[in-house]
$ cat start_38.cif   # mmCIF, C-alpha atoms
data_my_file
#
loop_
_atom_site.label_atom_id
_atom_site.label_comp_id
_atom_site.auth_asym_id
_atom_site.auth_seq_id
_atom_site.Cartn_x
_atom_site.Cartn_y
_atom_site.Cartn_z
CA MET A 213 176.21 7.87 64.41
CA ASP A 214 174.70 4.89 66.22
CA LEU A 215 171.85 7.05 67.56
CA ILE A 216 170.63 7.97 64.07
CA PHE A 217 167.52 5.99 63.14
CA HIS A 218 168.01 4.21 59.81
CA GLU A 219 166.01 1.40 58.22
CA LYS A 220 167.54 -0.77 55.50
CA GLN A 221 165.53 -1.54 52.39
CA ASP A 222 162.85 -4.21 52.84
CA GLY A 223 161.06 -5.14 49.62
CA SER A 224 159.46 -2.01 48.14
CA LEU A 225 158.76 -0.35 51.49
CA CYS A 226 160.95 2.65 50.74
CA ALA A 227 158.11 5.09 51.57
CA GLN A 228 157.96 3.67 55.10
CA HIS A 229 161.77 3.82 55.44
CA CYS A 230 161.79 7.37 54.09
CA LEU A 231 159.16 8.61 56.56
CA ASN A 232 160.69 6.89 59.57
CA ALA A 233 164.15 8.21 58.67
CA LEU A 234 162.72 11.72 58.46
CA LEU A 235 160.86 11.44 61.76
CA GLN A 236 163.75 9.49 63.35
CA GLY A 237 161.68 6.65 64.73
CA ALA A 238 159.51 3.67 63.81
CA TYR A 239 156.38 5.79 63.45
CA TYR A 240 154.82 4.10 60.43
CA THR A 241 154.26 0.50 59.38
CA PRO A 242 153.08 -0.81 55.99
CA PHE A 243 149.62 -1.31 57.53
CA ASP A 244 149.46 2.36 58.63
CA LEU A 245 150.38 3.60 55.17
CA ALA A 246 147.96 1.19 53.47
CA THR A 247 145.17 2.55 55.67
CA ILE A 248 146.02 6.11 54.62
CA ALA A 249 146.11 5.02 50.96
CA GLN A 250 142.65 3.41 51.23
CA GLU A 251 141.23 6.56 52.83
CA LEU A 252 142.65 8.63 49.96
CA ASP A 253 141.18 6.18 47.43
CA GLU A 254 137.76 6.44 49.06
CA ALA A 255 137.88 10.24 49.07
CA GLU A 256 138.83 10.22 45.40
CA ARG A 257 136.05 7.75 44.58
CA GLU A 258 133.48 10.03 46.22
CA ARG A 259 134.73 13.00 44.19
CA MET A 260 134.46 10.97 41.00
CA LEU A 261 130.90 9.92 41.90
CA GLU A 262 129.81 13.54 41.83
CA GLY A 263 129.85 13.26 38.03
CA GLY A 264 127.66 10.15 38.09
CA VAL A 265 128.28 6.40 38.10
CA ASP A 266 128.43 6.32 34.29
CA SER A 267 130.81 9.26 33.96
CA GLN A 268 134.01 8.70 32.04
CA HIS A 269 136.22 9.72 34.98
CA TYR A 270 134.49 7.38 37.41
CA GLN A 271 134.65 4.42 35.04
CA GLN A 272 138.33 5.12 34.37
CA PHE A 273 138.96 5.29 38.12
CA LEU A 274 137.36 1.86 38.56
CA ARG A 275 139.41 0.36 35.72
CA GLU A 276 142.77 1.71 36.83
CA GLY A 277 142.41 0.93 40.52
CA SER A 278 144.41 2.62 43.25
CA VAL A 279 147.21 5.01 42.34
CA ASN A 280 148.15 5.43 45.99
CA TYR A 281 149.59 1.98 46.69
CA ASP A 282 150.16 -1.44 45.18
CA ASP A 283 150.79 -5.01 46.32
CA SER A 284 154.57 -4.56 46.28
CA GLY A 285 154.44 -2.03 49.13
CA TYR A 286 154.95 1.13 47.07
CA PHE A 287 153.07 4.25 48.25
CA SER A 288 152.40 7.50 46.40
CA VAL A 289 153.38 11.06 47.22
CA GLN A 290 149.80 11.69 48.42
CA VAL A 291 150.24 9.01 51.07
CA ILE A 292 153.55 10.49 52.23
CA ALA A 293 152.09 14.01 52.34
CA LYS A 294 149.07 12.79 54.31
CA ALA A 295 151.29 10.91 56.77
CA LEU A 296 153.42 14.01 57.33
CA SER A 297 150.38 16.23 57.87
CA THR A 298 149.81 14.36 61.15
CA PHE A 299 153.04 15.98 62.37
CA ASN A 300 152.16 19.39 60.86
CA LEU A 301 154.75 18.88 58.13
CA ASP A 302 154.29 19.74 54.45
CA LEU A 303 156.06 19.05 51.17
CA VAL A 304 157.12 21.75 48.71
CA LEU A 305 158.56 21.00 45.27
CA TYR A 306 162.21 22.02 45.12
CA ASN A 307 161.95 23.42 41.57
CA SER A 308 158.74 25.41 42.23
CA GLN A 309 158.36 29.17 42.76
CA ASN A 310 157.35 28.70 46.39
CA PRO A 311 159.39 31.01 48.70
CA TYR A 312 160.79 27.94 50.50
CA ALA A 313 161.95 26.56 47.17
CA LEU A 314 163.55 29.84 46.10
CA LEU A 315 165.45 30.00 49.39
CA ALA A 316 166.45 26.34 49.20
CA ARG A 317 167.89 26.70 45.70
CA ARG A 318 169.97 29.68 46.86
CA ASP A 319 171.14 27.91 50.01
CA PRO A 320 170.18 24.22 50.44
CA THR A 321 171.53 24.21 54.01
CA SER A 322 168.84 26.72 55.03
CA GLN A 323 166.27 23.89 55.14
CA GLN A 324 165.92 20.97 57.55
CA ALA A 325 165.17 18.01 55.27
CA TYR A 326 164.51 16.86 51.71
CA ILE A 327 162.58 13.90 50.36
CA CYS A 328 163.70 12.54 46.98
CA HIS A 329 161.85 10.31 44.52
CA TYR A 330 162.82 8.50 41.34
CA ARG A 331 161.33 5.42 39.68
CA GLN A 332 159.25 4.40 42.69
CA HIS A 333 162.03 4.86 45.22
CA TRP A 334 161.83 7.33 48.11
CA PHE A 335 164.60 8.44 50.45
CA THR A 336 165.35 11.22 52.94
CA ILE A 337 168.18 13.71 53.26
CA ARG A 338 168.02 15.30 56.72
CA LYS A 339 169.90 17.66 58.99
CA ILE A 340 170.64 16.02 62.35
CA GLY A 341 172.35 18.22 64.88
CA ARG A 342 174.21 20.66 62.63
CA GLN A 343 175.19 18.10 59.99
CA TRP A 344 173.50 16.61 56.94
CA PHE A 345 172.96 12.91 56.35
CA ASN A 346 171.82 10.82 53.41
CA LEU A 347 169.39 8.31 55.00
CA ASN A 348 168.69 6.29 51.84
CA SER A 349 167.46 2.82 52.86
CA LEU A 350 169.59 1.31 50.09
CA LEU A 351 172.71 2.34 52.02
CA SER A 352 174.16 0.21 54.81
CA GLY A 353 173.86 3.15 57.21
CA PRO A 354 173.62 6.96 57.46
CA ASP A 355 175.98 8.77 55.11
CA LEU A 356 177.44 12.06 56.34
CA ILE A 357 177.22 14.89 53.77
CA THR A 358 179.22 18.09 54.04
CA ASP A 359 177.44 21.42 53.51
CA THR A 360 179.37 21.95 50.28
CA TYR A 361 178.54 18.50 48.94
CA LEU A 362 174.82 18.88 49.77
CA SER A 363 174.36 21.48 47.02
CA LEU A 364 176.25 19.33 44.52
CA PHE A 365 174.33 16.22 45.55
CA LEU A 366 170.92 17.86 45.02
CA ALA A 367 172.05 19.17 41.62
CA GLN A 368 173.22 15.68 40.68
CA LEU A 369 169.88 14.14 41.74
CA GLN A 370 167.97 16.67 39.65
CA ALA A 371 170.17 15.93 36.63
CA GLU A 372 169.41 12.22 37.06
CA GLY A 373 165.67 12.87 36.99
CA TYR A 374 164.79 12.85 40.70
CA SER A 375 161.84 14.83 42.03
CA ILE A 376 162.93 16.65 45.19
CA PHE A 377 160.59 17.90 47.92
CA ILE A 378 161.44 20.29 50.74
CA VAL A 379 160.03 19.31 54.14
CA THR A 380 158.53 22.37 55.82
CA GLY A 381 157.24 22.68 59.37
CA HIS A 382 158.95 21.88 62.65
CA LEU A 383 160.86 18.64 63.13
CA GLU A 384 161.09 17.66 66.78
CA GLU A 385 164.57 17.48 68.28
CA THR A 386 165.77 13.92 68.77
CA GLU A 387 168.38 12.23 70.94
CA ALA A 388 170.58 11.99 67.86
CA ASP A 389 170.30 15.77 67.37
CA ARG A 390 171.52 16.42 70.90
CA ALA A 391 174.34 13.88 70.67
CA LEU A 392 175.65 15.21 67.35
CA ILE A 393 175.53 18.82 68.53
CA SER A 394 177.79 17.97 71.46
CA GLN A 395 179.97 15.59 69.45
CA PRO A 396 179.70 16.02 65.66
CA ALA A 397 180.25 13.06 63.36
CA VAL A 398 183.66 12.83 61.69
CA TYR A 399 183.63 12.89 57.91
CA ARG A 400 185.40 10.01 56.20
CA PRO A 401 186.12 10.11 52.45
CA ARG A 402 183.86 7.84 50.45
CA PRO A 403 185.54 4.71 49.09
CA SER A 404 185.81 4.44 45.33
CA LYS A 405 182.66 3.03 43.76
CA LYS A 406 184.54 1.68 40.77
CA LYS A 407 183.99 -2.03 40.51
CA LYS A 408 187.02 -4.14 39.80
CA ARG A 409 186.49 -5.66 36.40
CA HIS A 410 186.94 -9.37 35.80
CA LEU A 411 187.41 -11.01 32.44
CA SER A 412 184.07 -12.80 32.81
CA ASP A 413 182.32 -9.42 33.20
CA ASP A 414 183.39 -8.19 29.75
CA PRO A 415 183.55 -10.82 26.97
CA GLU A 416 184.99 -8.32 24.47
CA LEU A 417 187.81 -7.33 26.78
CA ALA A 418 188.52 -10.99 27.56
CA HIS A 419 188.70 -11.81 23.85
CA ALA A 420 190.96 -8.82 23.16
CA LEU A 421 193.35 -9.85 25.92
CA GLU A 422 193.30 -13.44 24.66
CA VAL A 423 194.25 -12.29 21.15
CA SER A 424 196.97 -10.10 22.63
CA GLN A 425 198.31 -13.00 24.69
CA GLN A 426 198.35 -15.19 21.60
CA SER A 427 200.33 -12.51 19.81
CA ASP A 428 202.76 -12.36 22.74
CA GLU A 429 203.16 -16.14 22.67
CA GLU A 430 203.85 -16.12 18.92
CA ASP A 431 206.55 -13.50 19.42
CA GLU A 432 208.10 -15.55 22.23
CA VAL A 433 208.06 -18.71 20.06
CA GLY A 434 209.72 -16.82 17.21
CA LEU A 435 212.35 -15.52 19.58
CA ALA A 436 213.01 -19.00 20.99
CA LEU A 437 213.39 -20.49 17.48
CA ALA A 438 215.77 -17.74 16.46
CA MET A 439 217.91 -18.28 19.55
CA SER A 440 217.92 -22.03 18.90
CA MET A 441 219.03 -21.52 15.30
CA GLU A 442 221.68 -19.09 16.42
CA ALA A 443 223.07 -21.60 18.92
CA GLY A 444 223.14 -24.38 16.27
CA GLN A 445 225.17 -22.43 13.68
CA SER A 446 228.96 -22.94 13.46
CA THR A 447 229.89 -19.51 12.13
CA PRO A 448 228.64 -16.01 12.83
CA SER A 449 227.92 -15.43 9.14
CA THR A 450 225.15 -18.05 9.11
CA ALA A 451 223.58 -17.06 12.46
CA ALA A 452 219.88 -16.20 12.39
CA VAL A 453 218.82 -12.64 13.04
CA ARG A 454 217.16 -12.34 16.47
CA PRO A 455 213.77 -10.70 16.16
CA SER A 456 213.11 -7.69 18.32
CA GLU A 457 210.72 -8.25 21.24
CA PRO A 458 207.56 -6.10 21.03
CA SER A 459 207.38 -3.30 23.60
CA GLN A 460 204.59 -2.80 26.14
CA GLU A 461 203.44 0.26 24.22
CA GLU A 462 203.04 -1.80 21.00
CA LEU A 463 201.00 -4.41 22.87
CA ARG A 464 198.81 -1.71 24.37
CA LYS A 465 198.14 -0.25 20.92
CA LYS A 466 197.14 -3.71 19.65
CA ARG A 467 194.58 -4.06 22.40
CA LEU A 468 193.13 -0.59 21.81
CA GLN A 469 192.90 -1.18 18.05
CA PHE A 470 191.07 -4.45 18.63
CA LEU A 471 188.61 -2.87 21.08
CA ASP A 472 187.93 0.06 18.73
CA LYS A 473 187.36 -2.29 15.80
CA ASN A 474 184.94 -4.49 17.76
CA LYS A 475 183.18 -1.74 19.70
CA PRO A 476 179.40 -2.11 19.10
CA GLN A 477 177.69 0.86 17.47
CA PRO A 478 174.50 2.24 19.12
CA SER A 479 171.41 1.08 17.27
CA ALA A 480 168.38 3.15 16.35
CA GLU A 481 166.42 1.12 18.91
CA THR A 482 168.84 2.13 21.70
CA THR A 483 168.52 5.79 20.71
CA ALA A 484 164.75 5.50 20.72
CA ASP A 485 164.84 3.87 24.17
CA ALA A 486 166.97 6.72 25.52
CA ALA A 487 164.52 9.28 24.14
CA GLY A 488 161.64 7.35 25.66
CA SER A 489 163.38 7.24 29.04
CA SER A 490 163.81 11.03 29.01
CA SER A 491 160.16 11.47 28.11
CA SER A 492 159.06 9.16 30.93
CA GLN A 493 161.11 11.14 33.46
CA GLU A 494 159.40 14.38 32.43
CA SER A 495 156.01 12.65 32.59
CA GLU A 496 156.75 11.31 36.05
CA SER A 497 157.67 14.77 37.32
CA ASP A 498 154.42 16.21 35.91
CA GLU A 499 152.42 13.44 37.59
CA LEU A 500 154.04 14.14 40.96
CA GLN A 501 153.27 17.84 40.72
CA GLN A 502 149.64 17.05 39.83
CA ALA A 503 149.45 14.58 42.69
CA MET A 504 150.69 17.22 45.14
CA LYS A 505 148.01 19.62 43.95
CA LEU A 506 145.28 16.97 44.41
CA SER A 507 146.60 16.13 47.87
CA MET A 508 146.55 19.78 48.93
CA GLN A 509 143.00 20.15 47.63
CA SER A 510 141.76 17.06 49.51
CA SER A 511 143.37 18.19 52.78
#
$ encode --input "start_38.cif" --output "C-alpha cells"
Amino acid sequence: MDLIFHEKQDGSLCAQHCLNALLQGAYYTPFDLATIAQELDEAERERMLEGGVDSQHYQQFLREGSVNYDDSGYFSVQVIAKALSTFNLDLVLYNSQNPYALLARRDPTSQQAYICHYRQHWFTIRKIGRQWFNLNSLLSGPDLITDTYLSLFLAQLQAEGYSIFIVTGHLEETEADRALISQPAVYRPRPSKKKKRHLSDDPELAHALEVSQQSDEEDEVGLALAMSMEAGQSTPSTAAVRPSEPSQEELRKKRLQFLDKNKPQPSAETTADAAGSSSSQESESDELQQAMKLSMQSS
C-alpha cells in the first residue's frame, strides 16, 4: 500500500488532506483552498448587495464574516465542492433522494468514493484498484476496508452524526490503482482499540481496589494471629479457631458492591448537554445541505 497517497493530519487542514487523498496526489495547498474560499465570499457578497447596502442580509453577512474558511485552516463544503468541480467531480448527499444516493444505499460498493464530515473534520473513503480504503488523515496510513465492512462502516458513521457525500464523476486511474489490481492488498485484522486501564486513569477504581486490598490485608492479619495463638496453646481444647480465608469470588463481589455504591448518577445538566449535542448534529446536517444548494446555484 506504499503507492497510496495519504497525508497525515496537520493542524486543521483536513479539507486539504481529504481532497488530496481523493485525487491521490498533492493537488491542493492551504493557499489554493483559501483563494477558492475568498472567491466564494466575494460572489456571496455581490449577491447580498443586490438587496442594498443597508439590507438586513448584507449587514448580517458583514458581521458574521466568512463561512467558507477560518484562521485555523478549516474549509467549508462549498470550498470542497468548488475544488472538485475543476476535475468535473460533484458531491451528492448520501441520504438524499438523488438516484446516485438511492443506488449507494442499496449497494455502497457501486460507487467510487465518499467524503465524510463531522464537527469540522473531513476525510475520504475511496476505492483504489478493486478495494476500499479509509484515507482519514487522523490514521497513521491507509486502512483497508472489506466490501462487507464498508456498508457497516457507513451505517456507523451516520449513526454517529456524520454527513456523508458521494463523489460522482470520473476519477482518473492512478499508479496505485494499477498496482493494487495486479497485486491486491492483504487484509489484516484490526488490533483491539481497548485502552489498557491504569489505576491513575480511574480514581474510583483505584480507591475500590485499595479498599479491597485493605480488606485482604485485614483477613491475612487475622489469619496470622489465629495461627500464632494456635501455636502458643498447650492443648487442643484451648486452640483458637482458624478463620476461613475469603474466596476470590467474595473479593470480586466486594469490589462490585463498592463501585455500584459510588457510581455517579447522571445530572440534569448532563442530560441537557446530551440533548443539545443531538440538536447541534441535526442543525449541522441541515446547514451542510443548505450549503450544497447554495454552491450548486453559484456554479
$ axis_aligned_box --input "start_38.cif" --around "segment 310-321 of chain A" --padding-each-side "4 Å" --output "lines of an AutoDock Vina configuration file"
center_x = 164.4
center_y = 27.6
center_z = 49.9
size_x = 22.2
size_y = 14.8
size_z = 16.3
$ residues_around --input "start_38.cif" --residues "segment 281-295 of chain A" --least-positions-apart "3" --cutoff "6 Å" --atoms "all atoms listed in the file" --output "number ranges by chain"
A: 224-225, 249, 298, 507
$ resolve_selection --input "start_38.cif" --expression "the PyMOL selection byres ((chain A and resi 381-390) around 8)" --output "NGL selection string"
:A and (213 or 215-216 or 235-236 or 300-302 or 324 or 340-342 or 379-380 or 391-394)
$ closest_residue --input "start_38.cif" --among "A:His333, A:Phe365, A:Gln221, A:Ser297" --to "Pro320 of chain A" --atoms "all atoms listed in the file"
A:Phe365
$ atom_distance --input "start_38.cif" --atom1 "atom CA of Ala325 of chain A" --atom2 "atom CA of Ala255 of chain A"
29.0 Å
$ resolve_selection --input "start_38.cif" --expression "the PyMOL selection byres ((chain A and resi 326) around 9)" --output "VMD selection string"
chain A and resid 234 303 306 323 to 325 327 to 328 335 to 338 376 to 379
$ resolve_selection --input "start_38.cif" --expression "the PyMOL selection byres ((chain A and resi 345-347) around 7)" --output "PDB file with C-alpha atoms, in the coordinates of the input"
ATOM      1  CA  HIS A 218     168.010   4.210  59.810  1.00  0.00           C
ATOM      2  CA  ALA A 233     164.150   8.210  58.670  1.00  0.00           C
ATOM      3  CA  PHE A 335     164.600   8.440  50.450  1.00  0.00           C
ATOM      4  CA  THR A 336     165.350  11.220  52.940  1.00  0.00           C
ATOM      5  CA  ILE A 337     168.180  13.710  53.260  1.00  0.00           C
ATOM      6  CA  ARG A 338     168.020  15.300  56.720  1.00  0.00           C
ATOM      7  CA  LYS A 339     169.900  17.660  58.990  1.00  0.00           C
ATOM      8  CA  GLN A 343     175.190  18.100  59.990  1.00  0.00           C
ATOM      9  CA  TRP A 344     173.500  16.610  56.940  1.00  0.00           C
ATOM     10  CA  ASN A 348     168.690   6.290  51.840  1.00  0.00           C
ATOM     11  CA  SER A 349     167.460   2.820  52.860  1.00  0.00           C
ATOM     12  CA  PRO A 354     173.620   6.960  57.460  1.00  0.00           C
ATOM     13  CA  ASP A 355     175.980   8.770  55.110  1.00  0.00           C
ATOM     14  CA  LEU A 356     177.440  12.060  56.340  1.00  0.00           C
ATOM     15  CA  ILE A 357     177.220  14.890  53.770  1.00  0.00           C
TER      16      ILE A 357
END
$ residues_around --input "start_38.cif" --residues "Leu364 of chain A" --least-positions-apart "6" --cutoff "12 Å" --atoms "only C-alpha atoms" --output "list in words"
Arg317, Asp319, Pro320, Thr321, Ile357, Thr358, Gln370 and Ala371 of chain A
$ atom_distance --input "start_38.cif" --atom1 "atom CA of Ser363 of chain A" --atom2 "atom CA of Leu296 of chain A"
24.5 Å
$ atom_distance --input "start_38.cif" --atom1 "atom CA of Gln250 of chain A" --atom2 "atom CA of Lys220 of chain A"
25.6 Å
$ closest_residue --input "start_38.cif" --among "A:Tyr361, A:Glu219, A:Phe299, A:Glu251" --to "Gly237 of chain A" --atoms "all atoms listed in the file"
A:Glu219
$ build_atoms --input "start_38.cif" --residues "segment 370-392 of chain A" --atoms "N, CA, C and O atoms" --output "PDB file, keeping the file's coordinate frame"
ATOM      1  N   GLN A 370     168.852  16.039  40.635  1.00  0.00           N
ATOM      2  CA  GLN A 370     167.970  16.670  39.650  1.00  0.00           C
ATOM      3  C   GLN A 370     168.381  16.289  38.232  1.00  0.00           C
ATOM      4  O   GLN A 370     167.523  15.986  37.383  1.00  0.00           O
ATOM      5  N   ALA A 371     169.679  16.286  37.961  1.00  0.00           N
ATOM      6  CA  ALA A 371     170.170  15.930  36.630  1.00  0.00           C
ATOM      7  C   ALA A 371     169.825  14.486  36.278  1.00  0.00           C
ATOM      8  O   ALA A 371     169.619  14.153  35.114  1.00  0.00           O
ATOM      9  N   GLU A 372     169.730  13.624  37.285  1.00  0.00           N
ATOM     10  CA  GLU A 372     169.410  12.220  37.060  1.00  0.00           C
ATOM     11  C   GLU A 372     167.917  11.960  36.943  1.00  0.00           C
ATOM     12  O   GLU A 372     167.501  10.837  36.690  1.00  0.00           O
ATOM     13  N   GLY A 373     167.109  13.016  37.153  1.00  0.00           N
ATOM     14  CA  GLY A 373     165.670  12.870  36.990  1.00  0.00           C
ATOM     15  C   GLY A 373     164.873  12.749  38.271  1.00  0.00           C
ATOM     16  O   GLY A 373     163.672  12.475  38.238  1.00  0.00           O
ATOM     17  N   TYR A 374     165.502  12.941  39.428  1.00  0.00           N
ATOM     18  CA  TYR A 374     164.790  12.850  40.700  1.00  0.00           C
ATOM     19  C   TYR A 374     163.844  14.036  40.885  1.00  0.00           C
ATOM     20  O   TYR A 374     164.139  15.159  40.471  1.00  0.00           O
ATOM     21  N   SER A 375     162.707  13.765  41.527  1.00  0.00           N
ATOM     22  CA  SER A 375     161.840  14.830  42.030  1.00  0.00           C
ATOM     23  C   SER A 375     162.234  15.058  43.486  1.00  0.00           C
ATOM     24  O   SER A 375     162.350  14.108  44.259  1.00  0.00           O
ATOM     25  N   ILE A 376     162.466  16.310  43.842  1.00  0.00           N
ATOM     26  CA  ILE A 376     162.930  16.650  45.190  1.00  0.00           C
ATOM     27  C   ILE A 376     161.881  17.513  45.877  1.00  0.00           C
ATOM     28  O   ILE A 376     161.375  18.472  45.296  1.00  0.00           O
ATOM     29  N   PHE A 377     161.563  17.158  47.119  1.00  0.00           N
ATOM     30  CA  PHE A 377     160.590  17.900  47.920  1.00  0.00           C
ATOM     31  C   PHE A 377     161.279  18.438  49.168  1.00  0.00           C
ATOM     32  O   PHE A 377     162.070  17.737  49.803  1.00  0.00           O
ATOM     33  N   ILE A 378     160.952  19.678  49.504  1.00  0.00           N
ATOM     34  CA  ILE A 378     161.440  20.290  50.740  1.00  0.00           C
ATOM     35  C   ILE A 378     160.432  19.985  51.846  1.00  0.00           C
ATOM     36  O   ILE A 378     159.224  20.121  51.640  1.00  0.00           O
ATOM     37  N   VAL A 379     160.914  19.566  52.999  1.00  0.00           N
ATOM     38  CA  VAL A 379     160.030  19.310  54.140  1.00  0.00           C
ATOM     39  C   VAL A 379     159.948  20.593  54.956  1.00  0.00           C
ATOM     40  O   VAL A 379     160.955  21.091  55.470  1.00  0.00           O
ATOM     41  N   THR A 380     158.742  21.142  55.055  1.00  0.00           N
ATOM     42  CA  THR A 380     158.530  22.370  55.820  1.00  0.00           C
ATOM     43  C   THR A 380     157.737  22.063  57.077  1.00  0.00           C
ATOM     44  O   THR A 380     157.002  21.080  57.141  1.00  0.00           O
ATOM     45  N   GLY A 381     157.853  22.925  58.071  1.00  0.00           N
ATOM     46  CA  GLY A 381     157.240  22.680  59.370  1.00  0.00           C
ATOM     47  C   GLY A 381     158.343  22.445  60.389  1.00  0.00           C
ATOM     48  O   GLY A 381     159.535  22.589  60.088  1.00  0.00           O
ATOM     49  N   HIS A 382     157.960  22.054  61.573  1.00  0.00           N
ATOM     50  CA  HIS A 382     158.950  21.880  62.650  1.00  0.00           C
ATOM     51  C   HIS A 382     159.202  20.406  62.923  1.00  0.00           C
ATOM     52  O   HIS A 382     158.285  19.657  63.275  1.00  0.00           O
ATOM     53  N   LEU A 383     160.447  19.998  62.772  1.00  0.00           N
ATOM     54  CA  LEU A 383     160.860  18.640  63.130  1.00  0.00           C
ATOM     55  C   LEU A 383     161.312  18.635  64.587  1.00  0.00           C
ATOM     56  O   LEU A 383     162.171  19.438  64.981  1.00  0.00           O
ATOM     57  N   GLU A 384     160.745  17.733  65.365  1.00  0.00           N
ATOM     58  CA  GLU A 384     161.090  17.660  66.780  1.00  0.00           C
ATOM     59  C   GLU A 384     162.555  17.258  66.954  1.00  0.00           C
ATOM     60  O   GLU A 384     163.091  16.447  66.205  1.00  0.00           O
ATOM     61  N   GLU A 385     163.193  17.835  67.964  1.00  0.00           N
ATOM     62  CA  GLU A 385     164.570  17.480  68.280  1.00  0.00           C
ATOM     63  C   GLU A 385     164.632  16.048  68.811  1.00  0.00           C
ATOM     64  O   GLU A 385     163.783  15.628  69.594  1.00  0.00           O
ATOM     65  N   THR A 386     165.623  15.312  68.364  1.00  0.00           N
ATOM     66  CA  THR A 386     165.770  13.920  68.770  1.00  0.00           C
ATOM     67  C   THR A 386     167.032  13.743  69.617  1.00  0.00           C
ATOM     68  O   THR A 386     167.863  14.653  69.742  1.00  0.00           O
ATOM     69  N   GLU A 387     167.177  12.542  70.159  1.00  0.00           N
ATOM     70  CA  GLU A 387     168.380  12.230  70.940  1.00  0.00           C
ATOM     71  C   GLU A 387     169.620  12.313  70.045  1.00  0.00           C
ATOM     72  O   GLU A 387     170.688  12.747  70.489  1.00  0.00           O
ATOM     73  N   ALA A 388     169.465  11.902  68.786  1.00  0.00           N
ATOM     74  CA  ALA A 388     170.580  11.990  67.860  1.00  0.00           C
ATOM     75  C   ALA A 388     170.988  13.433  67.602  1.00  0.00           C
ATOM     76  O   ALA A 388     172.180  13.736  67.474  1.00  0.00           O
ATOM     77  N   ASP A 389     169.993  14.347  67.539  1.00  0.00           N
ATOM     78  CA  ASP A 389     170.300  15.770  67.370  1.00  0.00           C
ATOM     79  C   ASP A 389     171.180  16.262  68.515  1.00  0.00           C
ATOM     80  O   ASP A 389     172.214  16.908  68.294  1.00  0.00           O
ATOM     81  N   ARG A 390     170.777  15.943  69.722  1.00  0.00           N
ATOM     82  CA  ARG A 390     171.520  16.420  70.900  1.00  0.00           C
ATOM     83  C   ARG A 390     172.924  15.827  70.950  1.00  0.00           C
ATOM     84  O   ARG A 390     173.889  16.522  71.282  1.00  0.00           O
ATOM     85  N   ALA A 391     173.030  14.534  70.619  1.00  0.00           N
ATOM     86  CA  ALA A 391     174.340  13.880  70.670  1.00  0.00           C
ATOM     87  C   ALA A 391     175.296  14.460  69.629  1.00  0.00           C
ATOM     88  O   ALA A 391     176.478  14.681  69.913  1.00  0.00           O
ATOM     89  N   LEU A 392     174.784  14.722  68.420  1.00  0.00           N
ATOM     90  CA  LEU A 392     175.650  15.210  67.350  1.00  0.00           C
ATOM     91  C   LEU A 392     175.985  16.691  67.491  1.00  0.00           C
ATOM     92  O   LEU A 392     176.969  17.167  66.910  1.00  0.00           O
TER      93      LEU A 392
END
